[in-house]
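Scroll down for the structure; my scribbles are underneath it.
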Amino acid sequence: MLDYAALAALAAVIREGSFERAARALHVTPSAISQRIRLLEERVGCALVIRDQPCRATETGRRLCQHVDQVQLLEQDLQGTLPALAAQGPSRASVPIAVNADSLATWLAPAIAAFAAAHPVLLQVAVDDQDHTAEWLRSGAVLAAVSATARPASGCNSRPLGAMRYLAAASPAFMQRHFAHGVGAASLALAPSLVFNTKDELQSRWVRRLCHRHVELPRHTLPSSHAFVTAALAGMGWGLHPQALIQACLDNGTLVELLPDSPLDVPLHWHTARAASSLLDGLSGAILSAARTGLLPPR
């Protein structure tokens, strides 16, 4: 049998990033946390924590953290039906999820905020590219994810959310400076583009579809959806923006599309660990409901 006090210590170290902060969160000493982790590592026969700044979980450590999260959800459900179990007052279950930044900046944040305000949960939201969020679920780092991948990982469910529409846009001054003679492979190879991070392939996908070949793009890196818009307005570069985020700018003319009627629609899916939990089901319902109004219908 697993030692759940030790598992709680492991989860706290990964969540808080250090043994000292984990000790404060659990109201014990750092040496007690260290001893629990050491005994758990001896029990499972491998390292569970990469002692770095911040501390990170090994692959086995991530899977054990996911197990702890699932147990917390089950216990939360039991407390709802058996209040006597909550002798020390109501607790909140930790629900780690991975989402893409553009969803968080548009349709998703109001939905998860309203859910968290009404339910006994603590949401731990990690942000990554939509093509990579499913890896967080596959590794055991989260219990659910918004992903561009349709196929669920082993032990998980996947449901279509809809498609997020992206538009390639820049300021009128940028368009005049870089695309006065048209938008094509030659001009795109010279005009600065905006990318979220090194994983962001949206701009390259849009260009490949337009030019029917790969074009190496000069790139500014800006890891913020709203910074993308600010940078585009200032003439720093062109980029693929969620239509919902820039529609007002398109309407008032401060941003213009590089090529009208050339959107890039990215289908999104909601992946969840296959755990029987009313809280996780409720979160899924809130997100699916928000997607019906915030995204294009699934195809």
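Chains: A, B, ... in order of the structure tokens. Residues: from 1 per chain. Ligands: from 1, in order shown.
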So that each row is one residue of range 147-181 of chain A with an atom at most 10 Å from range 243-247 of chain A, can you give its shortest atom pair and the distance in Å to one decimal, using only C-alpha atoms, rows by chain and rising number, as JSON lines?
```
{"residue": "A:Met164", "atom": "CA", "partner": "A:Gln243", "partner_atom": "CA", "distance": 8.1}
{"residue": "A:Arg165", "atom": "CA", "partner": "A:Gln243", "partner_atom": "CA", "distance": 5.8}
{"residue": "A:Tyr166", "atom": "CA", "partner": "A:Gln243", "partner_atom": "CA", "distance": 5.4}
{"residue": "A:Leu167", "atom": "CA", "partner": "A:Gln243", "partner_atom": "CA", "distance": 5.9}
{"residue": "A:Ala168", "atom": "CA", "partner": "A:Gln243", "partner_atom": "CA", "distance": 9.3}
{"residue": "A:Ala169", "atom": "CA", "partner": "A:Ile246", "partner_atom": "CA", "distance": 8.8}
```
Exercise for review: Check the DSSP output for the backbone and give back, as an MDAnalysis selection string, the residues of range 55-298 of chain A in strand (DSSP E).
Suggested key: chainID A and resid 56:57 93:99 121:127 144:147 156:170 193:195 219:221 239:242 256:257 264:273
What lies within 12 Å of Cys55 in chain A using only C-alpha atoms, ignoring chain neighbours under 3 positions off, as an mmCIF file with C-alpha atoms, in the first residue's frame?
```
data_model
loop_
_atom_site.group_PDB
_atom_site.id
_atom_site.type_symbol
_atom_site.label_atom_id
_atom_site.label_comp_id
_atom_site.auth_asym_id
_atom_site.auth_seq_id
_atom_site.Cartn_x
_atom_site.Cartn_y
_atom_site.Cartn_z
ATOM 1 C CA LEU A 10 5.459 14.667 -3.044
ATOM 2 C CA ALA A 11 2.525 16.503 -4.596
ATOM 3 C CA ALA A 12 3.206 19.548 -2.410
ATOM 4 C CA VAL A 13 6.893 19.675 -3.389
ATOM 5 C CA ILE A 14 6.032 19.578 -7.098
ATOM 6 C CA ARG A 15 3.180 22.048 -6.740
ATOM 7 C CA GLU A 16 5.113 24.523 -4.555
ATOM 8 C CA GLY A 17 8.490 24.052 -6.249
ATOM 9 C CA SER A 18 10.587 23.499 -3.120
ATOM 10 C CA PHE A 19 10.764 21.410 0.056
ATOM 11 C CA GLU A 20 10.544 24.530 2.230
ATOM 12 C CA ARG A 21 7.341 25.859 0.628
ATOM 13 C CA ALA A 22 5.842 22.360 0.673
ATOM 14 C CA LEU A 48 10.611 10.943 -7.816
ATOM 15 C CA VAL A 49 11.878 14.520 -7.518
ATOM 16 C CA ILE A 50 14.477 16.372 -9.567
ATOM 17 C CA ARG A 51 15.951 18.630 -6.918
ATOM 18 C CA ASP A 52 16.263 21.771 -8.988
ATOM 19 C CA THR A 58 10.437 12.596 -12.678
ATOM 20 C CA GLY A 61 6.823 11.198 -9.799
ATOM 21 C CA ARG A 62 4.353 12.827 -12.212
#
```
Review point. Neighbours of Leu190 in chain A within 10 Å (only C-alpha atoms; same-chain residues fewer than 4 positions away dropped), as a list of chain:residue names?
Key: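 Final neighbour list, sorted by chain and number: A:His178, A:Phe179, A:Ala185, A:Ala186, A:Glu216, A:Leu217, A:Pro218, A:Arg219.
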Check your understanding: So which residues touch Ala8 in chain A within 9 Å, counting only C-alpha atoms, skipping near sequence neighbours fewer than 4 positions away, as a PyMOL selection string?
Key -> chain A and resi 3-4+12-13+26+65+68
Review point. Distance CA of Leu40 in chain A-CA of Leu73 in chain A, one decimal place?
Key: 21.8 Å
With range 94-106 of chain A as the partner and 12 Å as the cut-off, tabulate the residues of range 178-200 of chain A that qualify, each row holding the nearest pair of atoms and their distance in Å to one decimal, using only C-alpha atoms, sorted by chain and rising number, as JSON lines.
```
{"residue": "A:Phe196", "atom": "CA", "partner": "A:Ala101", "partner_atom": "CA", "distance": 8.9}
{"residue": "A:Asn197", "atom": "CA", "partner": "A:Ala101", "partner_atom": "CA", "distance": 11.1}
{"residue": "A:Lys199", "atom": "CA", "partner": "A:Asn100", "partner_atom": "CA", "distance": 11.6}
{"residue": "A:Asp200", "atom": "CA", "partner": "A:Asn100", "partner_atom": "CA", "distance": 10.7}
```
Practice item. With a distance cut-off of 10 Å and only C-alpha atoms, select the neighbouring residues of range 141-144 of chain A, excluding the residue or stretch itself and same-chain residues fewer than 6 positions from it, and output the selection as a ChimeraX atom specification. Key: /A:14,57,59,61-67,69-70,94-99,124-126,133-135,156-158,270-275,280,283-284
Write a file of the just-selected residues containing N, CA and C atoms, as a compact mmCIF listing (two decimals), in the first residue's frame.
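Generated output (result.txt):
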```
# COMPACT_ATOMS: atom_id res chain seq x y z
N ILE A 14 6.13 19.27 -5.67
CA ILE A 14 6.03 19.58 -7.10
C ILE A 14 5.17 20.81 -7.33
N ALA A 57 9.17 16.95 -11.06
CA ALA A 57 8.91 15.53 -10.89
C ALA A 57 9.56 14.73 -12.01
N GLU A 59 9.31 11.21 -14.33
CA GLU A 59 8.13 10.63 -14.97
C GLU A 59 7.30 9.83 -13.97
N GLY A 61 7.35 10.22 -10.74
CA GLY A 61 6.82 11.20 -9.80
C GLY A 61 5.56 11.87 -10.32
N ARG A 62 5.54 12.20 -11.63
CA ARG A 62 4.35 12.83 -12.21
C ARG A 62 3.15 11.89 -12.15
N ARG A 63 3.38 10.62 -12.40
CA ARG A 63 2.27 9.67 -12.37
C ARG A 63 1.72 9.50 -10.95
N LEU A 64 2.61 9.53 -9.98
CA LEU A 64 2.14 9.46 -8.59
C LEU A 64 1.38 10.73 -8.20
N CYS A 65 1.83 11.88 -8.70
CA CYS A 65 1.11 13.13 -8.43
C CYS A 65 -0.28 13.08 -9.06
N GLN A 66 -0.38 12.54 -10.26
CA GLN A 66 -1.69 12.40 -10.90
C GLN A 66 -2.58 11.49 -10.07
N HIS A 67 -2.00 10.41 -9.53
CA HIS A 67 -2.77 9.50 -8.68
C HIS A 67 -3.30 10.24 -7.45
N ASP A 69 -3.92 13.44 -7.18
CA ASP A 69 -4.98 14.35 -7.63
C ASP A 69 -6.30 13.60 -7.82
N GLN A 70 -6.22 12.41 -8.41
CA GLN A 70 -7.44 11.62 -8.62
C GLN A 70 -8.05 11.18 -7.30
N SER A 94 -7.23 19.74 -5.59
CA SER A 94 -6.38 20.35 -6.61
C SER A 94 -6.68 19.69 -7.96
N VAL A 95 -6.95 20.52 -8.97
CA VAL A 95 -7.24 20.01 -10.31
C VAL A 95 -6.27 20.67 -11.30
N PRO A 96 -5.17 19.99 -11.64
CA PRO A 96 -4.23 20.56 -12.62
C PRO A 96 -4.72 20.33 -14.04
N ILE A 97 -4.69 21.39 -14.85
CA ILE A 97 -5.09 21.29 -16.25
C ILE A 97 -4.06 22.03 -17.11
N ALA A 98 -3.96 21.63 -18.38
CA ALA A 98 -3.07 22.31 -19.33
C ALA A 98 -3.92 22.88 -20.46
N VAL A 99 -3.67 24.13 -20.81
CA VAL A 99 -4.46 24.81 -21.85
C VAL A 99 -3.54 25.62 -22.73
N GLN A 124 -5.04 24.38 -11.02
CA GLN A 124 -3.62 24.63 -11.31
C GLN A 124 -3.50 24.64 -12.83
N VAL A 125 -3.42 25.82 -13.42
CA VAL A 125 -3.49 25.95 -14.88
C VAL A 125 -2.08 26.13 -15.46
N ALA A 126 -1.68 25.19 -16.31
CA ALA A 126 -0.41 25.28 -17.04
C ALA A 126 -0.70 25.69 -18.48
N THR A 133 -0.13 20.34 -25.37
CA THR A 133 -0.79 20.20 -24.06
C THR A 133 -1.15 18.75 -23.75
N ALA A 134 -1.47 17.95 -24.78
CA ALA A 134 -1.82 16.55 -24.53
C ALA A 134 -0.67 15.78 -23.89
N GLU A 135 0.58 16.23 -24.14
CA GLU A 135 1.73 15.56 -23.53
C GLU A 135 1.70 15.70 -22.01
N CYS A 156 -7.55 7.93 -21.11
CA CYS A 156 -8.16 9.26 -21.16
C CYS A 156 -9.33 9.28 -22.14
N ASN A 157 -10.19 10.27 -22.00
CA ASN A 157 -11.28 10.51 -22.93
C ASN A 157 -11.02 11.80 -23.68
N SER A 158 -11.57 11.91 -24.89
CA SER A 158 -11.41 13.11 -25.71
C SER A 158 -12.76 13.49 -26.30
N TRP A 270 -11.13 18.48 -25.78
CA TRP A 270 -11.00 18.45 -24.32
C TRP A 270 -10.68 17.03 -23.90
N HIS A 271 -9.49 16.84 -23.35
CA HIS A 271 -9.03 15.53 -22.90
C HIS A 271 -9.09 15.48 -21.38
N THR A 272 -9.58 14.39 -20.86
CA THR A 272 -9.63 14.21 -19.41
C THR A 272 -9.16 12.81 -19.04
N ALA A 273 -8.53 12.71 -17.88
CA ALA A 273 -8.20 11.39 -17.34
C ALA A 273 -9.50 10.65 -17.04
N ARG A 274 -9.50 9.36 -17.28
CA ARG A 274 -10.71 8.56 -17.11
C ARG A 274 -10.92 8.26 -15.63
N ALA A 275 -11.27 9.30 -14.87
CA ALA A 275 -11.50 9.17 -13.44
C ALA A 275 -12.95 9.53 -13.14
N LEU A 280 -14.66 16.73 -11.75
CA LEU A 280 -14.06 16.76 -13.08
C LEU A 280 -15.14 16.76 -14.15
N LEU A 283 -16.44 20.33 -14.28
CA LEU A 283 -15.51 21.20 -15.01
C LEU A 283 -15.63 20.96 -16.51
N SER A 284 -15.72 19.69 -16.90
CA SER A 284 -15.87 19.37 -18.32
C SER A 284 -17.13 19.98 -18.89
```
Point to revise | Per-residue DSSP, range 164-256 of chain A, filtered to helix (DSSP H, G or I), as an MDAnalysis selection string | key: chainID A and resid 172:178 185:188 202:211 225:233 243:252
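Ranking A:Leu258, A:Ala113, A:Ala118, A:Leu233 by their shortest atom-to-atom distance to Gly184 in chain A, with only C-alpha atoms included, puts A:Leu258 first.
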Practice item. For Trp238 in chain A, list every protein, DNA or RNA residue within 10 Å, evaluated using only C-alpha atoms, and leave out those in the same chain fewer than 6 positions away; present the list as a ChimeraX atom specification. Key: /A:168-171,174-175,178,188,191-195,203,219-220,228-229,231-232,255-258
Practice item. Could you tell me how far CA of Arg209 in chain A lies from CA of Leu259 in chain A, in Å and to one decimal? Key: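 Between CA of Arg209 in chain A and CA of Leu259 in chain A the gap works out to 12.4 Å.
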